[in-house]
Structure formats: structure tokens, C-alpha cells
>>> print(open('input29.txt').read())   # compact mmCIF, C-alpha atoms
# COMPACT_ATOMS: atom_id res chain seq x y z
CA MET A 1395 21.77 49.26 7.64
CA SER A 1396 20.72 46.20 9.60
CA GLN A 1397 21.81 42.71 8.62
CA ALA A 1398 18.24 41.74 7.68
CA THR A 1399 17.84 44.78 5.42
CA LYS A 1400 21.20 44.12 3.79
CA ARG A 1401 20.27 40.46 3.18
CA LYS A 1402 16.93 41.50 1.68
CA HIS A 1403 18.58 43.85 -0.82
CA VAL A 1404 21.30 41.37 -1.81
CA VAL A 1405 18.82 38.53 -2.36
CA LYS A 1406 16.51 40.85 -4.32
CA GLU A 1407 19.45 41.90 -6.52
CA VAL A 1408 20.52 38.31 -7.24
CA LEU A 1409 17.06 36.85 -7.85
CA GLY A 1410 15.42 39.72 -9.68
CA GLU A 1411 18.06 41.34 -11.83
CA HIS A 1412 19.02 40.02 -15.27
CA MET A 1413 22.78 40.23 -15.76
CA VAL A 1414 24.63 40.14 -19.09
CA PRO A 1415 28.42 39.71 -18.85
CA SER A 1416 30.54 42.57 -20.19
CA ASP A 1417 33.66 42.12 -22.35
CA GLN A 1418 35.99 41.71 -19.33
CA GLN A 1419 33.64 39.44 -17.39
CA GLN A 1420 33.28 35.72 -18.02
CA ILE A 1421 30.92 32.92 -17.08
CA VAL A 1422 32.46 30.15 -14.97
CA ARG A 1423 31.29 26.95 -13.25
CA VAL A 1424 32.08 26.21 -9.59
CA LEU A 1425 34.14 23.03 -9.08
CA ARG A 1426 34.73 23.13 -5.33
CA THR A 1427 34.94 25.47 -2.33
CA PRO A 1428 38.26 25.16 -0.48
CA GLY A 1429 37.24 27.71 2.20
CA ASN A 1430 37.94 31.28 3.28
CA ASN A 1431 35.28 32.55 0.85
CA LEU A 1432 37.27 31.19 -2.09
CA HIS A 1433 35.84 29.00 -4.84
CA GLU A 1434 37.68 26.97 -7.46
CA VAL A 1435 36.08 27.54 -10.85
CA GLU A 1436 36.50 26.41 -14.44
CA THR A 1437 36.03 28.53 -17.56
CA ALA A 1438 34.43 27.31 -20.78
CA GLN A 1439 37.96 26.84 -22.19
CA GLY A 1440 38.89 24.50 -19.29
CA GLN A 1441 41.13 26.92 -17.36
CA ARG A 1442 40.92 26.47 -13.56
CA PHE A 1443 41.59 29.14 -10.93
CA LEU A 1444 40.32 30.55 -7.63
CA VAL A 1445 37.78 33.35 -7.26
CA SER A 1446 36.96 35.35 -4.15
CA MET A 1447 33.52 36.16 -2.84
CA PRO A 1448 32.88 39.84 -2.06
CA SER A 1449 31.76 40.69 1.45
CA LYS A 1450 28.22 41.65 0.36
CA TYR A 1451 27.52 38.01 -0.61
CA ARG A 1452 29.10 36.40 2.45
CA LYS A 1453 26.55 34.78 4.79
CA ASN A 1454 23.77 35.95 2.43
CA ILE A 1455 24.16 33.91 -0.76
CA TRP A 1456 25.26 30.27 -0.77
CA ILE A 1457 27.28 28.89 -3.67
CA LYS A 1458 27.64 25.16 -4.21
CA ARG A 1459 29.44 22.87 -6.62
CA GLY A 1460 27.98 23.06 -10.14
CA ASP A 1461 26.63 26.62 -9.84
CA PHE A 1462 27.46 29.20 -12.51
CA LEU A 1463 28.92 32.64 -11.78
CA ILE A 1464 29.88 35.81 -13.59
CA VAL A 1465 33.34 36.94 -12.46
CA ASP A 1466 35.50 40.06 -12.88
CA PRO A 1467 39.23 39.42 -13.47
CA ILE A 1468 41.84 40.64 -10.98
CA GLU A 1469 45.14 41.56 -12.68
CA GLU A 1470 47.39 41.45 -9.60
CA GLY A 1471 46.22 38.03 -8.44
CA GLU A 1472 48.52 35.01 -8.66
CA LYS A 1473 46.30 32.32 -7.17
CA VAL A 1474 43.04 34.26 -6.90
CA LYS A 1475 42.47 35.56 -10.41
CA ALA A 1476 38.90 36.90 -10.23
CA GLU A 1477 36.13 38.17 -7.98
CA ILE A 1478 32.49 37.09 -8.11
CA SER A 1479 30.27 39.82 -9.51
CA PHE A 1480 27.02 37.87 -9.97
CA VAL A 1481 25.56 34.47 -9.08
CA LEU A 1482 23.50 32.92 -11.89
CA CYS A 1483 20.35 30.98 -11.04
CA LYS A 1484 18.65 28.62 -13.50
CA ASP A 1485 16.33 31.38 -14.81
CA HIS A 1486 19.36 33.53 -15.65
CA VAL A 1487 21.00 30.58 -17.41
CA ARG A 1488 17.90 30.00 -19.55
CA SER A 1489 17.68 33.67 -20.57
CA LEU A 1490 21.39 33.75 -21.47
CA GLN A 1491 20.92 30.61 -23.58
CA LYS A 1492 18.00 32.22 -25.43
CA GLU A 1493 20.08 35.32 -26.15
CA GLY A 1494 22.97 33.21 -27.42
CA LEU A 1495 25.42 34.48 -24.78
CA TRP A 1496 25.85 31.11 -23.05
CA PRO A 1497 29.17 29.27 -23.71
CA GLU A 1498 28.74 26.09 -25.76
CA ALA A 1499 31.00 24.12 -23.38
CA PHE A 1500 28.55 24.74 -20.51
CA SER A 1501 25.33 24.09 -22.43
CA GLU A 1502 25.51 20.30 -21.95
CA VAL A 1503 26.50 20.69 -18.29
CA ALA A 1504 23.59 23.05 -17.60
CA GLU A 1505 21.09 20.69 -19.25
CA LYS A 1506 22.35 17.67 -17.27
CA HIS A 1507 22.35 19.73 -14.06
CA ASN A 1508 18.73 20.87 -14.55
CA ASN A 1509 17.51 17.41 -15.60
CA SER A 1510 19.16 15.64 -12.68
CA ARG A 1511 17.50 18.00 -10.22
CA ASN A 1512 14.11 17.38 -11.80
CA ARG A 1513 14.51 13.60 -11.70
CA GLN A 1514 15.57 13.32 -8.07
CA THR A 1515 12.72 11.91 -6.03
CA PRO A 1516 13.01 10.23 -2.68
CA PRO A 1517 13.02 6.44 -2.92
CA GLU A 1518 9.86 4.74 -1.79
CA LEU A 1519 10.16 2.43 1.16
CA PRO A 1520 8.53 -0.99 1.02
CA VAL A 1521 5.57 -1.23 3.35
CA GLU A 1522 5.48 -4.40 5.40
CA PRO A 1523 2.07 -5.31 6.76
CA GLN A 1524 2.07 -6.16 10.43
CA SER A 1525 0.06 -9.12 11.59
CA SER A 1526 -2.74 -8.26 13.97
CA GLY A 1527 -1.59 -10.74 16.63
CA GLU A 1528 1.93 -9.33 17.02
CA GLU A 1529 2.94 -6.06 18.56
CA SER A 1530 5.71 -4.13 16.85
CA SER A 1531 9.05 -5.09 18.30
CA SER A 1532 11.73 -2.63 19.30
CA ASP A 1533 14.06 -4.25 16.72
CA ASP A 1534 11.85 -3.18 13.80
CA ASP A 1535 13.35 0.05 12.36
CA SER A 1536 10.99 0.42 9.39
CA ASP A 1537 9.19 3.38 10.96
CA LEU A 1538 12.38 5.43 11.37
CA PHE A 1539 13.23 8.42 9.17
CA VAL A 1540 15.37 7.50 6.17
CA ASN A 1541 17.96 10.06 5.11
CA THR A 1542 17.68 10.25 1.32
CA ASN A 1543 21.03 12.04 1.07
CA ARG A 1544 22.90 8.87 2.03
CA ARG A 1545 23.31 5.68 0.05
CA GLN A 1546 21.15 2.82 1.19
CA TYR A 1547 23.12 -0.35 1.85
CA HIS A 1548 21.04 -3.49 2.06
CA GLU A 1549 22.60 -6.65 3.42
CA SER A 1550 21.11 -9.84 2.09
CA GLU A 1551 20.62 -12.95 4.21
CA GLU A 1552 23.01 -14.94 2.00
CA GLU A 1553 25.90 -12.55 2.71
CA SER A 1554 25.33 -12.63 6.46
CA GLU A 1555 25.17 -16.47 6.47
CA GLU A 1556 28.47 -16.66 4.57
CA GLU A 1557 30.14 -14.30 7.06
CA GLU A 1558 28.88 -16.33 10.02
CA ALA A 1559 30.15 -19.58 8.49
CA ALA A 1560 33.64 -18.17 7.99
>>> encode(input="input29.txt", output="C-alpha cells")
Amino acid sequence: MSQATKRKHVVKEVLGEHMVPSDQQQIVRVLRTPGNNLHEVETAQGQRFLVSMPSKYRKNIWIKRGDFLIVDPIEEGEKVKAEISFVLCKDHVRSLQKEGLWPEAFSEVAEKHNNSRNRQTPPELPVEPQSSGEESSSDDDSDLFVNTNRRQYHESEEESEEEEAA
């Protein structure tokens, strides 16, 4: 099977299938990804441990901080105590909440996570009209792309005057 065909089937499985956790499986939230296809997760009870990503998901499905997973426990693991069996998208989370299978501890986190994504809009830049007599100078950076993923630091004239005086 080619890599493209494998990716197509894995993505179709994750996005299309509705998964209900069994008795052994549990729903966890991703806290961080230390590397080597390991993810630190937290259960609804607050227990933290590492989970491994199976090879079928590697380089096909991306997991980030705040995502929810269904994991299978591994009995022989000391540090790595579970393996990812399913990645939950927001549609899966909603259906599990409707069925009453969603942990109460995660219900507030899921609502905040969905609302914060809906509210994020790129900040609008102030438009400065250029006078007709002047040509735009090379020092004017207002037409450059602004990366919305970085904090915008604005230095006021008062601060720069104080630094020059010192």
C-alpha cells in the first residue's frame, strides 16, 4: 500500500468514524508532546502519564496540546502507560457529550477550547493615509505582513524619549 493510500484510509477512519470508549479505554487530554511519538496526557481524575502513538498515525495525524484522545492501557508500562487508539475531533466531542459519555472534568475545558477558537480573529491594523505629495519611504513598514501568532509590542514615544535621556 502506498503512503498516499495509507494516509487516505487513516484520515477517513479518524474523521468519519464515531468512536465510543470501551470499559478499558479512557478519554484523556493532551498536555504536551515531549517527542519520540510520546504525548503527556491527563485523565479526568487528574492523573498524568505518557502515551505512545501507534505507527499508523505517525506522519498522518497531528496531535497538539489541548486535543482529546481515547487511549488503551498498557499493563507492562512504567512511564508509558497507554497507547492512542483514537483521536477525537470537535464533532466527536459533541456527540459524546450528547450521549452523556463525556467526563464532567473535561466539559468546561472543551467548551473553553471551542469558544476560544471561534473568537480568535486577526487584529486589524490601523490604516494611515499617505499624503499625495510624499512618496512612501523605505522606513515605513506598515505594508509588511504581520504575523498574528506573535505578540505585538508597541513602543510609545514617551518610553523611547526616557531611554534616550538616561
>>> atom_distance(input="input29.txt", atom1="CA of Phe1462 in chain A", atom2="CA of Arg1401 in chain A")
20.6 Å
>>> atom_distance(input="input29.txt", atom1="CA of Asn1431 in chain A", atom2="CA of Asn1454 in chain A")
12.1 Å
>>> atom_distance(input="input29.txt", atom1="CA of Phe1443 in chain A", atom2="CA of His1486 in chain A")
23.1 Å
>>> closest_residue(input="input29.txt", among="A:Arg1545, A:Lys1402, A:Arg1488, A:Arg1426", to="Arg1442 in chain A", atoms="all atoms listed in the file")
A:Arg1426
>>> residues_around(input="input29.txt", residues="Met1447 in chain A", least_positions_apart="4", cutoff="10 Å", atoms="all atoms listed in the file", output="MDAnalysis selection string")
chainID A and resid 1430:1433 1451:1452 1455 1457 1465 1476:1480
>>> closest_residue(input="input29.txt", among="A:Gln1397, A:Ser1446, A:Gln1491, A:Thr1437", to="Lys1475 in chain A", atoms="only C-alpha atoms")
A:Ser1446
>>> residues_around(input="input29.txt", residues="Ile1421 in chain A", least_positions_apart="6", cutoff="9 Å", atoms="all atoms listed in the file", output="PDB file with C-alpha atoms, keeping the file's coordinate frame")
ATOM      1  CA  PRO A1415      28.420  39.710 -18.850  1.00  0.00           C
ATOM      2  CA  GLU A1436      36.500  26.410 -14.440  1.00  0.00           C
ATOM      3  CA  THR A1437      36.030  28.530 -17.560  1.00  0.00           C
ATOM      4  CA  ALA A1438      34.430  27.310 -20.780  1.00  0.00           C
ATOM      5  CA  PHE A1462      27.460  29.200 -12.510  1.00  0.00           C
ATOM      6  CA  LEU A1463      28.920  32.640 -11.780  1.00  0.00           C
ATOM      7  CA  ILE A1464      29.880  35.810 -13.590  1.00  0.00           C
ATOM      8  CA  VAL A1465      33.340  36.940 -12.460  1.00  0.00           C
ATOM      9  CA  TRP A1496      25.850  31.110 -23.050  1.00  0.00           C
ATOM     10  CA  PRO A1497      29.170  29.270 -23.710  1.00  0.00           C
TER      11      PRO A1497
END
>>> closest_residue(input="input29.txt", among="A:Glu1411, A:Lys1450, A:Val1445, A:Gln1546", to="Pro1428 in chain A", atoms="all atoms listed in the file")
A:Val1445
>>> axis_aligned_box(input="input29.txt", around="range 1451-1469 of chain A", padding_each_side="6 Å", output="JSON")
{"center_x": 34.5, "center_y": 32.2, "center_z": -4.4, "size_x": 33.4, "size_y": 30.7, "size_z": 30.4}
>>> residues_near_point(input="input29.txt", point="(21.7, 38.3, -15.9)", cutoff="9 Å", atoms="only C-alpha atoms", output="MDAnalysis selection string")
chainID A and resid 1408 1410:1415 1464 1480:1483 1485:1487 1489:1490
>>> build_atoms(input="input29.txt", residues="range 1401-1430 of chain A", atoms="N, CA and C atoms", output="PDB file, keeping the file's coordinate frame")
ATOM      1  N   ARG A1401      20.566  41.759   3.781  1.00  0.00           N
ATOM      2  CA  ARG A1401      20.270  40.460   3.180  1.00  0.00           C
ATOM      3  C   ARG A1401      19.115  40.577   2.185  1.00  0.00           C
ATOM      4  N   LYS A1402      18.088  41.331   2.549  1.00  0.00           N
ATOM      5  CA  LYS A1402      16.930  41.500   1.680  1.00  0.00           C
ATOM      6  C   LYS A1402      17.323  42.136   0.355  1.00  0.00           C
ATOM      7  N   HIS A1403      18.156  43.161   0.400  1.00  0.00           N
ATOM      8  CA  HIS A1403      18.580  43.850  -0.820  1.00  0.00           C
ATOM      9  C   HIS A1403      19.495  42.977  -1.683  1.00  0.00           C
ATOM     10  N   VAL A1404      20.393  42.238  -1.058  1.00  0.00           N
ATOM     11  CA  VAL A1404      21.300  41.370  -1.810  1.00  0.00           C
ATOM     12  C   VAL A1404      20.538  40.252  -2.487  1.00  0.00           C
ATOM     13  N   VAL A1405      19.613  39.617  -1.776  1.00  0.00           N
ATOM     14  CA  VAL A1405      18.820  38.530  -2.360  1.00  0.00           C
ATOM     15  C   VAL A1405      17.934  39.060  -3.476  1.00  0.00           C
ATOM     16  N   LYS A1406      17.352  40.244  -3.283  1.00  0.00           N
ATOM     17  CA  LYS A1406      16.510  40.850  -4.320  1.00  0.00           C
ATOM     18  C   LYS A1406      17.339  41.149  -5.568  1.00  0.00           C
ATOM     19  N   GLU A1407      18.559  41.606  -5.388  1.00  0.00           N
ATOM     20  CA  GLU A1407      19.450  41.900  -6.520  1.00  0.00           C
ATOM     21  C   GLU A1407      19.792  40.633  -7.296  1.00  0.00           C
ATOM     22  N   VAL A1408      20.112  39.549  -6.581  1.00  0.00           N
ATOM     23  CA  VAL A1408      20.520  38.310  -7.240  1.00  0.00           C
ATOM     24  C   VAL A1408      19.347  37.641  -7.934  1.00  0.00           C
ATOM     25  N   LEU A1409      18.191  37.576  -7.287  1.00  0.00           N
ATOM     26  CA  LEU A1409      17.060  36.850  -7.850  1.00  0.00           C
ATOM     27  C   LEU A1409      16.293  37.641  -8.903  1.00  0.00           C
ATOM     28  N   GLY A1410      16.254  38.946  -8.785  1.00  0.00           N
ATOM     29  CA  GLY A1410      15.420  39.720  -9.680  1.00  0.00           C
ATOM     30  C   GLY A1410      16.112  40.287 -10.890  1.00  0.00           C
ATOM     31  N   GLU A1411      17.350  40.642 -10.772  1.00  0.00           N
ATOM     32  CA  GLU A1411      18.060  41.340 -11.830  1.00  0.00           C
ATOM     33  C   GLU A1411      18.539  40.374 -12.912  1.00  0.00           C
ATOM     34  N   HIS A1412      18.469  40.806 -14.155  1.00  0.00           N
ATOM     35  CA  HIS A1412      19.020  40.020 -15.270  1.00  0.00           C
ATOM     36  C   HIS A1412      20.385  40.603 -15.613  1.00  0.00           C
ATOM     37  N   MET A1413      21.402  39.764 -15.571  1.00  0.00           N
ATOM     38  CA  MET A1413      22.780  40.230 -15.760  1.00  0.00           C
ATOM     39  C   MET A1413      23.330  39.675 -17.065  1.00  0.00           C
ATOM     40  N   VAL A1414      23.943  40.541 -17.863  1.00  0.00           N
ATOM     41  CA  VAL A1414      24.630  40.140 -19.090  1.00  0.00           C
ATOM     42  C   VAL A1414      26.113  40.451 -18.874  1.00  0.00           C
ATOM     43  N   PRO A1415      26.996  39.455 -19.087  1.00  0.00           N
ATOM     44  CA  PRO A1415      28.420  39.710 -18.850  1.00  0.00           C
ATOM     45  C   PRO A1415      29.001  40.719 -19.847  1.00  0.00           C
ATOM     46  N   SER A1416      29.871  41.590 -19.336  1.00  0.00           N
ATOM     47  CA  SER A1416      30.540  42.570 -20.190  1.00  0.00           C
ATOM     48  C   SER A1416      31.716  41.894 -20.901  1.00  0.00           C
ATOM     49  N   ASP A1417      32.519  42.672 -21.617  1.00  0.00           N
ATOM     50  CA  ASP A1417      33.660  42.120 -22.350  1.00  0.00           C
ATOM     51  C   ASP A1417      34.728  41.551 -21.423  1.00  0.00           C
ATOM     52  N   GLN A1418      34.967  42.188 -20.269  1.00  0.00           N
ATOM     53  CA  GLN A1418      35.990  41.710 -19.330  1.00  0.00           C
ATOM     54  C   GLN A1418      35.493  40.549 -18.496  1.00  0.00           C
ATOM     55  N   GLN A1419      34.196  40.478 -18.254  1.00  0.00           N
ATOM     56  CA  GLN A1419      33.640  39.440 -17.390  1.00  0.00           C
ATOM     57  C   GLN A1419      33.513  38.120 -18.159  1.00  0.00           C
ATOM     58  N   GLN A1420      33.484  37.025 -17.393  1.00  0.00           N
ATOM     59  CA  GLN A1420      33.280  35.720 -18.020  1.00  0.00           C
ATOM     60  C   GLN A1420      32.403  34.847 -17.132  1.00  0.00           C
ATOM     61  N   ILE A1421      31.781  33.867 -17.780  1.00  0.00           N
ATOM     62  CA  ILE A1421      30.920  32.920 -17.080  1.00  0.00           C
ATOM     63  C   ILE A1421      31.762  31.708 -16.716  1.00  0.00           C
ATOM     64  N   VAL A1422      31.674  31.288 -15.454  1.00  0.00           N
ATOM     65  CA  VAL A1422      32.460  30.150 -14.970  1.00  0.00           C
ATOM     66  C   VAL A1422      31.544  29.203 -14.193  1.00  0.00           C
ATOM     67  N   ARG A1423      32.023  27.974 -14.016  1.00  0.00           N
ATOM     68  CA  ARG A1423      31.290  26.950 -13.250  1.00  0.00           C
ATOM     69  C   ARG A1423      32.088  26.617 -12.006  1.00  0.00           C
ATOM     70  N   VAL A1424      31.428  26.493 -10.862  1.00  0.00           N
ATOM     71  CA  VAL A1424      32.080  26.210  -9.590  1.00  0.00           C
ATOM     72  C   VAL A1424      32.426  24.721  -9.527  1.00  0.00           C
ATOM     73  N   LEU A1425      33.695  24.415  -9.222  1.00  0.00           N
ATOM     74  CA  LEU A1425      34.140  23.030  -9.080  1.00  0.00           C
ATOM     75  C   LEU A1425      34.162  22.598  -7.624  1.00  0.00           C
ATOM     76  N   ARG A1426      34.677  23.463  -6.754  1.00  0.00           N
ATOM     77  CA  ARG A1426      34.730  23.130  -5.330  1.00  0.00           C
ATOM     78  C   ARG A1426      34.939  24.419  -4.537  1.00  0.00           C
ATOM     79  N   THR A1427      34.755  24.322  -3.214  1.00  0.00           N
ATOM     80  CA  THR A1427      34.940  25.470  -2.330  1.00  0.00           C
ATOM     81  C   THR A1427      35.970  25.117  -1.269  1.00  0.00           C
ATOM     82  N   PRO A1428      37.233  25.530  -1.449  1.00  0.00           N
ATOM     83  CA  PRO A1428      38.260  25.160  -0.480  1.00  0.00           C
ATOM     84  C   PRO A1428      38.167  25.905   0.852  1.00  0.00           C
ATOM     85  N   GLY A1429      37.408  26.988   0.935  1.00  0.00           N
ATOM     86  CA  GLY A1429      37.240  27.710   2.200  1.00  0.00           C
ATOM     87  C   GLY A1429      37.699  29.143   2.101  1.00  0.00           C
ATOM     88  N   ASN A1430      37.565  29.871   3.200  1.00  0.00           N
ATOM     89  CA  ASN A1430      37.940  31.280   3.280  1.00  0.00           C
ATOM     90  C   ASN A1430      37.297  32.125   2.188  1.00  0.00           C
TER      91      ASN A1430
END
